[in-house]
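Please read the structure below before turning to the comments.
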Amino acid sequence: MKKKLLLLGDEAIAMAALNSGISGVYAYPGTPSTEITEFIQGSKTAKENGVHSKWCTNEKTAMEAALGVSYVGRRAMVCMKHVGMNVAADAFVNSGITGANGGVVVVAADDPSMHSSQNEQDSRFYGKFAFIPVFEPSSQQEAYDMTRYAFEFSEKMGTPVLLRITTRMAHSRAVVEVDDSYGKKADLHFPANPMNWVLLPANSKRRYAEVLELNKKLADISDNSDYNRYIDGPDRSMGIIACGIAYNYLMENMKHGCNYPVLKISQYPFPKAMISRMASECDSILVLEEGQPLLEEYLRGILDNGIKIYGRLSGEVPRTGELNADNIKPAIGLGEVPSSVIPDVVVNRPPALCQGCGHRDVYASLNEALKEYPDHKVFSDIGCYTLGALPPFRAIDSTVDMGASITMAKGASDAGFFPAVAVIGDSTFTHSGITGLLDAANSNANITVVISDNLTTGMTGGQDSAGTGKLERICEAVGVEKEHIRVVVPLAKNMDEIKKVIKEELDYKGVSVIIPRRECIQTFSRKARQKKAQQE
Amino acid sequence: MKKDIILAGVGGQGILSIATIIGEAAMNCGLNIKQAEVHGMSQRGGDVQSNLRISSAPILSDLIPLRGADIIISLEPMESLRYLPFLAENGWVVTNSEPFINIPNYPETDAVMAELKKVKNLVVLDVDKIAKECGNPRAANMVLLGAATPYLGMDMARIEEGIESIFARKGHEVVESNVKALRAGRAVAESK
């Protein structure tokens, strides 16, 4: 039975994973990937079939758990935002060598234009790097179909598959035709050659050679994939290669068909024969790809002495940011980008910490307490509290990657700087801050760490936080002195007390942890609304 | 049939409920839909928008091109102006008149209104006031949607069915009061 549903790209992928009979989804929340896992968490059928969907502590633990599922013969999906790939990279890259037993599909949701991210790295590079095939759907329907295909493909070829999507695919709804029947989990069964999973040098060398051979086969398959299409056109002065969602922006401008030959690519490794055909039949090639110029760089090479190539590197397409139907117009000969000047009266409206948010009280008291030290530095982290960088607080000096607050403060202190303060959220602390705190405790670094605990993963919409109820014990266990683990309640009425605690801990020559703890105002109001609705 | 709609507002105002109802109605009409939303950091009190495209032909881009929008529907007057470069020459702006001021440098209301008045096809209404008059202060979004219905290219009945299916589980009264707010909004647009 088929049915039609209005689904986000993320939801279409989740639905396909359920229909493929996954044993579990493994993920840490991250925009724009969060809704995949949330969809499965909310699915009645997933619950009935015991599909694992609890959030993981970080992307690395998620990837590794999925490999465990695969080892025993069942299917698993791993979801993360693009920068999560950096955290999962050790497991991901080595999974290219172990290969897969049960199907493993890794979803990386890239965020070109950095709507909610600190960079616009392109996850396709990871696929290339790890010799793992990459699928890049161009529509929500394709996202569903390709996810189904990816599980089959992963098992058939014995490799994980990377499904690369971008913000506009993840967070855009369309009508998707899906199966009505849910998949059944496979029986437990172990890898045909268990030594493939023991990556000692002798095994790894053998596997590396096998993986390189497999990669050639994968490239041949790409050339014959239904998801890669060569659409010939009469005007061969230029051929256009459009990867993933970029195909939509091209065709939006070519409603009555494209005069140029078009190669739509959604399955990697690159379809070499199709690309060679375009190079031999056309005078030049335009590359439209969302994210970074991966294919363009390959085609061009260092010598750049072949066929004329247009794209992000040559300047015909914007070097950075998302593509859209407008900004590719000059490259396809449709004139200039239309004007996008907005009236002068319109001012920016940046995001801000919510009214009533505990992070506000944390920054207000921290700013006060640090007034005595005009040269202080506050190293912060990734989360809602990153907004403390903006007015009115302007309270933080750095935000780099998950967990960097504690370790950067430690480094600054090691180098002789005082006072070095770290501000990190509870979920980010368990994601990647604990090991840094252990480093700091082991070298008795003179730092003050503020773990602003709102009992949730706030920025992504209020998911469970792995360390809730355990933070003091974790800090004590890694070696922070018990009397220098201080818990306060971030409310305006407690301002004097919090200031006093901060000052005392700044004065202490060693690692102190201050935990301001108050529930996120968003989750608090949501629960209050749910309670009220239940009573009605 | 093709309607490209930009929904605008401030994070937390609830523009997505409008999108959901139009989407539901469009699906019941057998039309194609694409609706790009904004999640994540931008939802925290910043400007938010959603691109909603409905069409009898297949839709390619998830985003509406510049000068391509048939309607801008906005819960906030300054936010409606932010998307003017996307408005088609004969497109409509349907906006709430009441500013949402959460920034220190919000412009003078008169300046915002003066800029709005330059728009050729314009409906401005105080959606909160009308919703209160209808007896459902929480239905301001429905008033705004109602004011946009004459330009959506779909029967009013389909939109009302959309409301019914979205609010059905909350009971008949909730459906009725939202439909009432919808009709009140439409009446304002029709009196222009």
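By order of appearance in the structure tokens: chains A, B, ..., then residues from 1 within every chain, and ligands from 1 in the order shown.
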- Task: Identify every residue of chain A that has at least one atom within 9 Å of any atom of chain B, counting only C-alpha atoms, and report the result as a PyMOL selection string.
- Result: chain A and resi 6+8+30-32+115-117+139+167-175+245-252+324-326+337-343+345-354+383-384+459-461
Those residues with C-alpha atoms, as a short mmCIF file (atom, residue, chain, number, x, y, z; two decimals), in the first residue's frame please?
data_model
loop_
_atom_site.label_atom_id
_atom_site.label_comp_id
_atom_site.auth_asym_id
_atom_site.auth_seq_id
_atom_site.Cartn_x
_atom_site.Cartn_y
_atom_site.Cartn_z
CA LEU A 6 3.11 16.15 3.37
CA LEU A 8 9.73 17.57 5.63
CA GLY A 30 21.75 19.46 15.44
CA THR A 31 20.01 21.82 13.04
CA PRO A 32 18.97 20.92 10.33
CA HIS A 115 21.67 29.62 8.93
CA SER A 116 22.40 27.90 12.26
CA SER A 117 26.05 26.88 12.07
CA SER A 139 13.67 16.28 -3.84
CA THR A 167 19.00 22.86 4.96
CA ARG A 168 16.52 23.37 2.12
CA MET A 169 16.00 19.66 1.74
CA ALA A 170 15.85 18.97 5.47
CA HIS A 171 13.45 21.77 6.32
CA SER A 172 11.21 21.93 3.30
CA ARG A 173 7.92 20.08 3.03
CA ALA A 174 6.50 18.40 -0.04
CA VAL A 175 4.02 15.66 -0.81
CA ILE A 245 19.36 20.15 -4.98
CA ALA A 246 21.21 22.46 -7.40
CA TYR A 247 19.30 20.64 -10.16
CA ASN A 248 16.08 22.27 -8.89
CA TYR A 249 17.50 25.78 -9.10
CA LEU A 250 18.66 25.12 -12.65
CA MET A 251 15.31 23.70 -13.79
CA GLU A 252 13.37 26.48 -12.03
CA ASN A 324 19.19 29.62 -5.51
CA ALA A 325 17.31 30.13 -8.74
CA ASP A 326 18.42 33.80 -8.82
CA VAL A 337 20.79 38.67 -10.49
CA PRO A 338 17.65 40.78 -9.88
CA SER A 339 17.96 43.56 -7.31
CA SER A 340 17.33 42.54 -3.72
CA VAL A 341 17.51 45.95 -2.08
CA ILE A 342 15.12 46.26 0.86
CA PRO A 343 13.66 49.60 2.04
CA VAL A 345 13.44 51.65 7.09
CA VAL A 346 13.92 47.91 7.66
CA VAL A 347 16.49 47.11 10.35
CA ASN A 348 18.03 43.79 11.34
CA ARG A 349 16.28 41.71 13.93
CA PRO A 350 18.91 39.32 15.28
CA PRO A 351 17.91 36.34 17.41
CA ALA A 352 18.19 36.83 21.17
CA LEU A 353 18.00 34.84 24.38
CA CYS A 354 14.35 34.38 25.37
CA GLY A 383 24.28 26.56 22.17
CA CYS A 384 21.65 29.20 22.93
CA MET A 459 18.95 25.46 20.86
CA THR A 460 17.58 22.55 18.86
CA GLY A 461 14.17 22.66 20.50
#
- Message: Give me the residues near Val487 (chain A) as a PyMOL selection string, where near means some atom within 9 Å (using only C-alpha atoms) and where sequence neighbours in that chain fewer than 2 positions away do not count.
- Response: chain A and resi 472+485+489+513-517
- Message: I want to know what sits within 10 Å of Asp414 (chain A), based on only C-alpha atoms, with residues of the same chain fewer than 6 positions away left out; could you give that as a PyMOL selection string?
- Response: chain A and resi 408+420+440+443-447
Residues from the last selection, all heavy atoms, saved as a PDB file, in the first residue's frame:
ATOM      1  N   MET A 408      39.912  25.610  25.842  1.00  0.00           N
ATOM      2  CA  MET A 408      40.565  26.881  25.483  1.00  0.00           C
ATOM      3  C   MET A 408      40.901  27.689  26.733  1.00  0.00           C
ATOM      4  O   MET A 408      41.967  28.313  26.810  1.00  0.00           O
ATOM      5  CB  MET A 408      39.675  27.693  24.532  1.00  0.00           C
ATOM      6  CG  MET A 408      39.748  27.196  23.092  1.00  0.00           C
ATOM      7  SD  MET A 408      38.808  28.240  21.958  1.00  0.00           S
ATOM      8  CE  MET A 408      39.829  29.726  21.928  1.00  0.00           C
ATOM      9  N   ALA A 420      40.784  33.202  33.310  1.00  0.00           N
ATOM     10  CA  ALA A 420      40.225  32.457  32.180  1.00  0.00           C
ATOM     11  C   ALA A 420      38.949  31.753  32.630  1.00  0.00           C
ATOM     12  O   ALA A 420      38.983  30.925  33.533  1.00  0.00           O
ATOM     13  CB  ALA A 420      41.235  31.439  31.662  1.00  0.00           C
ATOM     14  N   ALA A 440      41.884  19.523  32.571  1.00  0.00           N
ATOM     15  CA  ALA A 440      42.072  20.692  33.434  1.00  0.00           C
ATOM     16  C   ALA A 440      42.333  20.260  34.874  1.00  0.00           C
ATOM     17  O   ALA A 440      43.229  20.782  35.546  1.00  0.00           O
ATOM     18  CB  ALA A 440      40.848  21.599  33.355  1.00  0.00           C
ATOM     19  N   SER A 443      45.848  18.743  35.415  1.00  0.00           N
ATOM     20  CA  SER A 443      46.982  19.673  35.481  1.00  0.00           C
ATOM     21  C   SER A 443      46.678  20.840  36.421  1.00  0.00           C
ATOM     22  O   SER A 443      47.388  21.836  36.407  1.00  0.00           O
ATOM     23  CB  SER A 443      47.359  20.159  34.084  1.00  0.00           C
ATOM     24  OG  SER A 443      46.243  20.760  33.484  1.00  0.00           O
ATOM     25  N   ASN A 444      45.627  20.694  37.216  1.00  0.00           N
ATOM     26  CA  ASN A 444      45.215  21.719  38.179  1.00  0.00           C
ATOM     27  C   ASN A 444      45.240  23.119  37.553  1.00  0.00           C
ATOM     28  O   ASN A 444      45.805  24.064  38.103  1.00  0.00           O
ATOM     29  CB  ASN A 444      46.113  21.671  39.431  1.00  0.00           C
ATOM     30  CG  ASN A 444      45.478  22.430  40.590  1.00  0.00           C
ATOM     31  OD1 ASN A 444      44.243  22.501  40.672  1.00  0.00           O
ATOM     32  ND2 ASN A 444      46.294  23.011  41.459  1.00  0.00           N
ATOM     33  N   ALA A 445      44.609  23.233  36.391  1.00  0.00           N
ATOM     34  CA  ALA A 445      44.568  24.520  35.684  1.00  0.00           C
ATOM     35  C   ALA A 445      43.778  25.538  36.503  1.00  0.00           C
ATOM     36  O   ALA A 445      42.791  25.191  37.147  1.00  0.00           O
ATOM     37  CB  ALA A 445      43.920  24.332  34.318  1.00  0.00           C
ATOM     38  N   ASN A 446      44.210  26.794  36.442  1.00  0.00           N
ATOM     39  CA  ASN A 446      43.521  27.838  37.210  1.00  0.00           C
ATOM     40  C   ASN A 446      42.395  28.433  36.359  1.00  0.00           C
ATOM     41  O   ASN A 446      42.535  29.498  35.768  1.00  0.00           O
ATOM     42  CB  ASN A 446      44.528  28.910  37.634  1.00  0.00           C
ATOM     43  CG  ASN A 446      43.890  29.938  38.559  1.00  0.00           C
ATOM     44  OD1 ASN A 446      42.821  29.692  39.127  1.00  0.00           O
ATOM     45  ND2 ASN A 446      44.542  31.084  38.696  1.00  0.00           N
ATOM     46  N   ILE A 447      41.272  27.692  36.276  1.00  0.00           N
ATOM     47  CA  ILE A 447      40.146  28.166  35.458  1.00  0.00           C
ATOM     48  C   ILE A 447      38.836  28.067  36.236  1.00  0.00           C
ATOM     49  O   ILE A 447      38.719  27.295  37.179  1.00  0.00           O
ATOM     50  CB  ILE A 447      40.000  27.361  34.136  1.00  0.00           C
ATOM     51  CG1 ILE A 447      39.702  25.871  34.413  1.00  0.00           C
ATOM     52  CG2 ILE A 447      41.249  27.506  33.277  1.00  0.00           C
ATOM     53  CD1 ILE A 447      39.316  25.082  33.169  1.00  0.00           C
TER      54      ILE A 447
END
- Task: Name all residues at most 7 Å from region 308-318 of chain A (count only C-alpha atoms; drop same-chain ones fewer than 4 positions away) and give them as a PyMOL selection string.
- Result: chain A and resi 284-288+293+296+300+328+330-331
- Task: Give the alpha helix (DSSP H) residues of region 419-519 of chain A, as DSSP finds them on the backbone, and put them as a PyMOL selection string.
- Result: chain A and resi 426-428+434-442+471-477+495-507
- Message: Taking only C-alpha atoms into account, name the residue in B:Ile6, B:Ala157, B:Ala168, B:Met113 that is nearest to Pro99 (chain B).
- Response: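 Checking each of B:Ile6, B:Ala157, B:Ala168, B:Met113 against Pro99 (chain B), counting only C-alpha atoms, the winner is B:Met113.
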- Query: How would you write, as a PyMOL selection string, the set of residues in region 36-99 of chain B that DSSP gives as strand (DSSP E or B)?
  - Reply: chain B and resi 36+47-55+69-74+87-96
Export, as a JSON list (two decimals), in the first residue's frame, the selected residues with C-alpha atoms.
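out18.json, written as the output of this step:
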[["chain", "number", "residue", "atom", "x", "y", "z"],
["B", 36, "ALA", "CA", 10.60, 25.76, 3.18],
["B", 47, "ASP", "CA", 13.08, 37.51, 11.81],
["B", 48, "VAL", "CA", 11.59, 34.34, 10.36],
["B", 49, "GLN", "CA", 10.05, 33.48, 7.04],
["B", 50, "SER", "CA", 8.64, 30.52, 5.25],
["B", 51, "ASN", "CA", 8.42, 30.04, 1.49],
["B", 52, "LEU", "CA", 5.20, 28.31, 0.50],
["B", 53, "ARG", "CA", 4.75, 27.33, -3.11],
["B", 54, "ILE", "CA", 1.58, 25.74, -4.47],
["B", 55, "SER", "CA", 1.05, 24.86, -8.09],
["B", 69, "ALA", "CA", 5.97, 36.01, -4.86],
["B", 70, "ASP", "CA", 2.25, 36.43, -5.48],
["B", 71, "ILE", "CA", 1.60, 37.27, -1.83],
["B", 72, "ILE", "CA", 3.52, 38.27, 1.26],
["B", 73, "ILE", "CA", 1.56, 37.40, 4.40],
["B", 74, "SER", "CA", 3.14, 38.97, 7.47],
["B", 87, "LEU", "CA", 7.18, 40.46, -4.48],
["B", 88, "ALA", "CA", 5.97, 40.11, -8.06],
["B", 89, "GLU", "CA", 4.89, 43.27, -9.85],
["B", 90, "ASN", "CA", 1.20, 42.63, -9.25],
["B", 91, "GLY", "CA", 1.65, 40.79, -5.98],
["B", 92, "TRP", "CA", -0.21, 41.49, -2.75],
["B", 93, "VAL", "CA", 1.05, 42.35, 0.72],
["B", 94, "VAL", "CA", -1.28, 41.30, 3.54],
["B", 95, "THR", "CA", 0.08, 42.37, 6.89],
["B", 96, "ASN", "CA", -0.72, 42.90, 10.52]]
- Shell around region 263-270 of chain A at 8 Å using only C-alpha atoms, local window under 4 positions removed, as a PyMOL selection string: chain A and resi 128+133-138+215+218-219+222-223+225+227-231+239-244+247+274-275+278
Would you pick out the contacts of region 177-187 of chain B at 10 Å or less, using only C-alpha atoms, so that residues sharing its chain but fewer than 2 positions from it are not included, and give the list as a JSON list (two decimals) with N, CA, C and O atoms, in the first residue's frame?
[["chain", "number", "residue", "atom", "x", "y", "z"],
["B", 125, "LEU", "N", -4.20, 45.29, 8.48],
["B", 125, "LEU", "CA", -5.27, 45.18, 9.47],
["B", 125, "LEU", "C", -4.68, 44.82, 10.84],
["B", 125, "LEU", "O", -3.59, 44.24, 10.91],
["B", 126, "ASP", "N", -5.40, 45.20, 11.88],
["B", 126, "ASP", "CA", -4.96, 44.89, 13.23],
["B", 126, "ASP", "C", -5.53, 43.52, 13.61],
["B", 126, "ASP", "O", -6.67, 43.41, 14.06],
["B", 127, "VAL", "N", -4.74, 42.49, 13.41],
["B", 127, "VAL", "CA", -5.29, 41.13, 13.55],
["B", 127, "VAL", "C", -5.61, 40.78, 15.00],
["B", 127, "VAL", "O", -6.56, 40.05, 15.26],
["B", 130, "ILE", "N", -9.03, 42.36, 15.86],
["B", 130, "ILE", "CA", -10.16, 41.67, 15.22],
["B", 130, "ILE", "C", -10.37, 40.30, 15.88],
["B", 130, "ILE", "O", -11.51, 39.88, 16.10],
["B", 131, "ALA", "N", -9.26, 39.62, 16.22],
["B", 131, "ALA", "CA", -9.39, 38.32, 16.86],
["B", 131, "ALA", "C", -10.10, 38.45, 18.20],
["B", 131, "ALA", "O", -10.97, 37.63, 18.55],
["B", 132, "LYS", "N", -9.75, 39.49, 18.95],
["B", 132, "LYS", "CA", -10.42, 39.73, 20.24],
["B", 132, "LYS", "C", -11.91, 39.99, 20.03],
["B", 132, "LYS", "O", -12.75, 39.46, 20.75],
["B", 133, "GLU", "N", -12.21, 40.80, 19.02],
["B", 133, "GLU", "CA", -13.62, 41.11, 18.73],
["B", 133, "GLU", "C", -14.40, 39.85, 18.38],
["B", 133, "GLU", "O", -15.60, 39.75, 18.64],
["B", 134, "CYS", "N", -13.70, 38.89, 17.79],
["B", 134, "CYS", "CA", -14.34, 37.61, 17.43],
["B", 134, "CYS", "C", -14.46, 36.70, 18.66],
["B", 134, "CYS", "O", -15.01, 35.60, 18.56],
["B", 135, "GLY", "N", -13.87, 37.11, 19.74],
["B", 135, "GLY", "CA", -13.97, 36.30, 20.95],
["B", 135, "GLY", "C", -12.89, 35.24, 21.08],
["B", 135, "GLY", "O", -12.98, 34.35, 21.92],
["B", 136, "ASN", "N", -11.88, 35.28, 20.20],
["B", 136, "ASN", "CA", -10.79, 34.30, 20.29],
["B", 136, "ASN", "C", -9.45, 35.00, 20.05],
["B", 136, "ASN", "O", -8.94, 35.02, 18.94],
["B", 137, "PRO", "N", -8.88, 35.59, 21.12],
["B", 137, "PRO", "CA", -7.64, 36.35, 20.96],
["B", 137, "PRO", "C", -6.49, 35.52, 20.40],
["B", 137, "PRO", "O", -5.54, 36.07, 19.85],
["B", 138, "ARG", "N", -6.60, 34.19, 20.51],
["B", 138, "ARG", "CA", -5.50, 33.35, 20.01],
["B", 138, "ARG", "C", -5.61, 33.06, 18.52],
["B", 138, "ARG", "O", -4.77, 32.36, 17.95],
["B", 139, "ALA", "N", -6.66, 33.60, 17.88],
["B", 139, "ALA", "CA", -6.87, 33.30, 16.46],
["B", 139, "ALA", "C", -6.40, 34.42, 15.54],
["B", 139, "ALA", "O", -6.83, 34.53, 14.40],
["B", 140, "ALA", "N", -5.46, 35.26, 16.03],
["B", 140, "ALA", "CA", -4.96, 36.37, 15.21],
["B", 140, "ALA", "C", -4.39, 35.86, 13.88],
["B", 140, "ALA", "O", -4.58, 36.49, 12.83],
["B", 141, "ASN", "N", -3.73, 34.70, 13.92],
["B", 141, "ASN", "CA", -3.17, 34.13, 12.69],
["B", 141, "ASN", "C", -4.27, 33.83, 11.67],
["B", 141, "ASN", "O", -4.07, 33.98, 10.47],
["B", 142, "MET", "N", -5.42, 33.38, 12.20],
["B", 142, "MET", "CA", -6.51, 33.02, 11.29],
["B", 142, "MET", "C", -7.13, 34.26, 10.66],
["B", 142, "MET", "O", -7.57, 34.23, 9.51],
["B", 143, "VAL", "N", -7.15, 35.38, 11.43],
["B", 143, "VAL", "CA", -7.64, 36.64, 10.87],
["B", 143, "VAL", "C", -6.74, 37.04, 9.69],
["B", 143, "VAL", "O", -7.22, 37.40, 8.61],
["B", 144, "LEU", "N", -5.45, 36.94, 9.92],
["B", 144, "LEU", "CA", -4.49, 37.31, 8.87],
["B", 144, "LEU", "C", -4.65, 36.41, 7.65],
["B", 144, "LEU", "O", -4.70, 36.89, 6.51],
["B", 145, "LEU", "N", -4.76, 35.11, 7.90],
["B", 145, "LEU", "CA", -4.96, 34.17, 6.80],
["B", 145, "LEU", "C", -6.25, 34.52, 6.04],
["B", 145, "LEU", "O", -6.27, 34.52, 4.81],
["B", 146, "GLY", "N", -7.30, 34.84, 6.80],
["B", 146, "GLY", "CA", -8.58, 35.20, 6.18],
["B", 146, "GLY", "C", -8.42, 36.37, 5.23],
["B", 146, "GLY", "O", -8.96, 36.38, 4.12],
["B", 147, "ALA", "N", -7.64, 37.37, 5.65],
["B", 147, "ALA", "CA", -7.43, 38.56, 4.82],
["B", 147, "ALA", "C", -6.65, 38.24, 3.56],
["B", 147, "ALA", "O", -6.69, 38.99, 2.58],
["B", 148, "ALA", "N", -5.94, 37.11, 3.58],
["B", 148, "ALA", "CA", -5.16, 36.72, 2.40],
["B", 148, "ALA", "C", -5.96, 35.81, 1.46],
["B", 148, "ALA", "O", -5.58, 35.64, 0.30],
["B", 149, "THR", "N", -7.07, 35.25, 1.96],
["B", 149, "THR", "CA", -7.79, 34.23, 1.16],
["B", 149, "THR", "C", -8.25, 34.71, -0.22],
["B", 149, "THR", "O", -8.25, 33.91, -1.16],
["B", 150, "PRO", "N", -8.64, 36.00, -0.40],
["B", 150, "PRO", "CA", -9.09, 36.37, -1.75],
["B", 150, "PRO", "C", -7.99, 36.22, -2.81],
["B", 150, "PRO", "O", -8.28, 36.20, -4.01],
["B", 156, "MET", "N", -12.70, 29.37, -0.61],
["B", 156, "MET", "CA", -12.75, 29.62, 0.83],
["B", 156, "MET", "C", -13.11, 28.32, 1.56],
["B", 156, "MET", "O", -12.59, 28.04, 2.64],
["B", 159, "ILE", "N", -10.15, 26.21, 2.42],
["B", 159, "ILE", "CA", -9.36, 26.75, 3.54],
["B", 159, "ILE", "C", -10.06, 26.40, 4.85],
["B", 159, "ILE", "O", -9.43, 25.99, 5.83],
["B", 160, "GLU", "N", -11.39, 26.55, 4.85],
["B", 160, "GLU", "CA", -12.13, 26.24, 6.08],
["B", 160, "GLU", "C", -12.00, 24.76, 6.43],
["B", 160, "GLU", "O", -11.89, 24.39, 7.60],
["B", 161, "GLU", "N", -12.00, 23.92, 5.41],
["B", 161, "GLU", "CA", -11.78, 22.48, 5.66],
["B", 161, "GLU", "C", -10.38, 22.24, 6.24],
["B", 161, "GLU", "O", -10.19, 21.37, 7.09],
["B", 162, "GLY", "N", -9.43, 23.03, 5.75],
["B", 162, "GLY", "CA", -8.06, 22.94, 6.27],
["B", 162, "GLY", "C", -8.04, 23.24, 7.77],
["B", 162, "GLY", "O", -7.43, 22.51, 8.55],
["B", 163, "ILE", "N", -8.75, 24.30, 8.15],
["B", 163, "ILE", "CA", -8.83, 24.66, 9.57],
["B", 163, "ILE", "C", -9.48, 23.52, 10.36],
["B", 163, "ILE", "O", -9.02, 23.14, 11.44],
["B", 164, "GLU", "N", -10.54, 22.98, 9.77],
["B", 164, "GLU", "CA", -11.26, 21.91, 10.45],
["B", 164, "GLU", "C", -10.35, 20.71, 10.72],
["B", 164, "GLU", "O", -10.33, 20.17, 11.82],
["B", 167, "PHE", "N", -7.68, 21.64, 13.46],
["B", 167, "PHE", "CA", -8.15, 21.88, 14.82],
["B", 167, "PHE", "C", -9.18, 20.85, 15.31],
["B", 167, "PHE", "O", -9.66, 20.95, 16.44],
["B", 172, "HIS", "N", -15.19, 21.00, 18.37],
["B", 172, "HIS", "CA", -16.00, 21.75, 17.43],
["B", 172, "HIS", "C", -15.93, 23.26, 17.69],
["B", 172, "HIS", "O", -15.83, 24.06, 16.76],
["B", 173, "GLU", "N", -15.96, 23.63, 18.96],
["B", 173, "GLU", "CA", -15.97, 25.06, 19.30],
["B", 173, "GLU", "C", -14.70, 25.77, 18.83],
["B", 173, "GLU", "O", -14.76, 26.90, 18.33],
["B", 174, "VAL", "N", -13.57, 25.10, 18.99],
["B", 174, "VAL", "CA", -12.30, 25.69, 18.57],
["B", 174, "VAL", "C", -12.30, 25.88, 17.05],
["B", 174, "VAL", "O", -11.89, 26.92, 16.53],
["B", 175, "VAL", "N", -12.81, 24.87, 16.34],
["B", 175, "VAL", "CA", -12.91, 24.97, 14.88],
["B", 175, "VAL", "C", -13.77, 26.17, 14.50],
["B", 175, "VAL", "O", -13.37, 27.02, 13.70],
["B", 189, "ALA", "N", -10.48, 42.30, 3.96],
["B", 189, "ALA", "CA", -9.86, 42.35, 2.63],
["B", 189, "ALA", "C", -10.90, 42.69, 1.56],
["B", 189, "ALA", "O", -10.62, 43.47, 0.64],
["B", 190, "GLU", "N", -12.10, 42.13, 1.69],
["B", 190, "GLU", "CA", -13.12, 42.34, 0.66],
["B", 190, "GLU", "C", -13.68, 43.76, 0.69],
["B", 190, "GLU", "O", -14.21, 44.24, -0.31],
["B", 191, "SER", "N", -13.55, 44.42, 1.84],
["B", 191, "SER", "CA", -14.07, 45.79, 1.94],
["B", 191, "SER", "C", -13.09, 46.80, 1.36],
["B", 191, "SER", "O", -13.37, 47.98, 1.31],
["B", 192, "LYS", "N", -11.91, 46.32, 0.91],
["B", 192, "LYS", "CA", -10.90, 47.26, 0.37],
["B", 192, "LYS", "C", -11.36, 47.80, -0.98],
["B", 192, "LYS", "O", -11.81, 47.05, -1.82]]
